[in-house]
Amino acid sequence: MYQILLPLHSYIRYIVIILLLAVIIKSFLGMSGKKPYEKIDNQLSLSLFIFTHTQLLVGLILYLISPFVKFGAITMKDAITRYWTVEHLVGMLIAVVLITMARITAKKMTDHTAKHKRMFVFNSIALVIIVIMILLSDRDLV
């Protein structure tokens, strides 16, 4: 199962990043041009939400079965074990929460510029966190 889920988790990350970039760019253009929050904005946000939570579920399953996740005295002493057991999980959970909060709170707003700004800020921070976590994971595997 690990050999199936790990590549799936890797491929889904590219979809999440592409959707995240699309939402950020569309939000920036909407915010700076004071454009209405359109149906396509909502659809992009929903797609990002769905793929992000799918990625979270696959990641949580991987966390439970991963040979790199270890609990005990070694966890905090070894950089690679600490990364996979603690840092990756926490960083990605923060990113998922930000993406989720962006969608949920923006849906409740009535001002279109404020919606675009909320989507832009929260998703931009999430993207930075995701990129940092991916770069750290690639560094640790070498």
# chains A, B, ... in the order shown; residues from 1 in each chain; ligands from 1
>>> select_by_dssp(residues="range 39-78 of chain A", states="helix (DSSP H, G or I)", output="list in words")
Lys39, Ile40, Asp41, Asn42, Gln43, Leu44, Ser45, Leu46, Ser47, Leu48, Phe49, Ile50, Phe51, Thr52, His53, Thr54, Gln55, Leu56, Leu57, Val58, Gly59, Leu60, Ile61, Leu62, Tyr63, Leu64 and Ile65 of chain A
>>> write_last_selection(atoms="C-alpha atoms", output="short mmCIF file (atom, residue, chain, number, x, y, z; two decimals), in the first residue's frame")
data_model
loop_
_atom_site.label_atom_id
_atom_site.label_comp_id
_atom_site.auth_asym_id
_atom_site.auth_seq_id
_atom_site.Cartn_x
_atom_site.Cartn_y
_atom_site.Cartn_z
CA LYS A 39 -18.30 31.60 -10.42
CA ILE A 40 -14.87 30.58 -11.76
CA ASP A 41 -13.26 31.96 -8.59
CA ASN A 42 -15.56 29.78 -6.51
CA GLN A 43 -14.93 26.73 -8.70
CA LEU A 44 -11.14 27.15 -8.49
CA SER A 45 -11.39 27.55 -4.72
CA LEU A 46 -13.59 24.46 -4.42
CA SER A 47 -11.22 22.39 -6.59
CA LEU A 48 -8.28 23.51 -4.46
CA PHE A 49 -10.25 22.64 -1.31
CA ILE A 50 -11.11 19.15 -2.61
CA PHE A 51 -7.60 18.28 -3.80
CA THR A 52 -6.02 19.71 -0.64
CA HIS A 53 -8.21 17.55 1.58
CA THR A 54 -7.65 14.51 -0.63
CA GLN A 55 -3.92 15.13 -0.26
CA LEU A 56 -4.38 15.43 3.50
CA LEU A 57 -6.17 12.07 3.71
CA VAL A 58 -3.53 10.30 1.61
CA GLY A 59 -0.83 11.98 3.71
CA LEU A 60 -2.40 10.88 6.98
CA ILE A 61 -2.59 7.28 5.78
CA LEU A 62 1.05 7.49 4.71
CA TYR A 63 1.94 8.93 8.10
CA LEU A 64 0.46 5.89 9.81
CA ILE A 65 2.28 3.36 7.63
#
>>> residues_around(residues="range 97-105 of chain A", least_positions_apart="4", cutoff="7 Å", atoms="only C-alpha atoms", output="list in words")
Ser45, Phe49, Leu93, Met109, Arg118, Met119, Phe122, Asn123 and Ala126 of chain A
>>> atom_distance(atom1="CA of Thr85 in chain A", atom2="CA of Lys70 in chain A")
6.4 Å
>>> residues_around(residues="Val128 in chain A", least_positions_apart="5", cutoff="12 Å", atoms="only C-alpha atoms", output="list in words")
Ile17, Leu20, Leu21, Ile24, Gly91, Met92, Ile94, Ala95, Leu98, Ile99, Val121, Phe122, Asn123, Met133, Ile134 and Leu135 of chain A
>>> closest_residue(among="A:Ala73, A:Met31, A:Leu6, A:Leu136", to="His88 in chain A", atoms="only C-alpha atoms")
A:Leu136
>>> atom_distance(atom1="CA of Leu127 in chain A", atom2="CA of Lys77 in chain A")
28.3 Å
>>> atom_distance(atom1="CA of Gly72 in chain A", atom2="CA of Arg13 in chain A")
29.2 Å
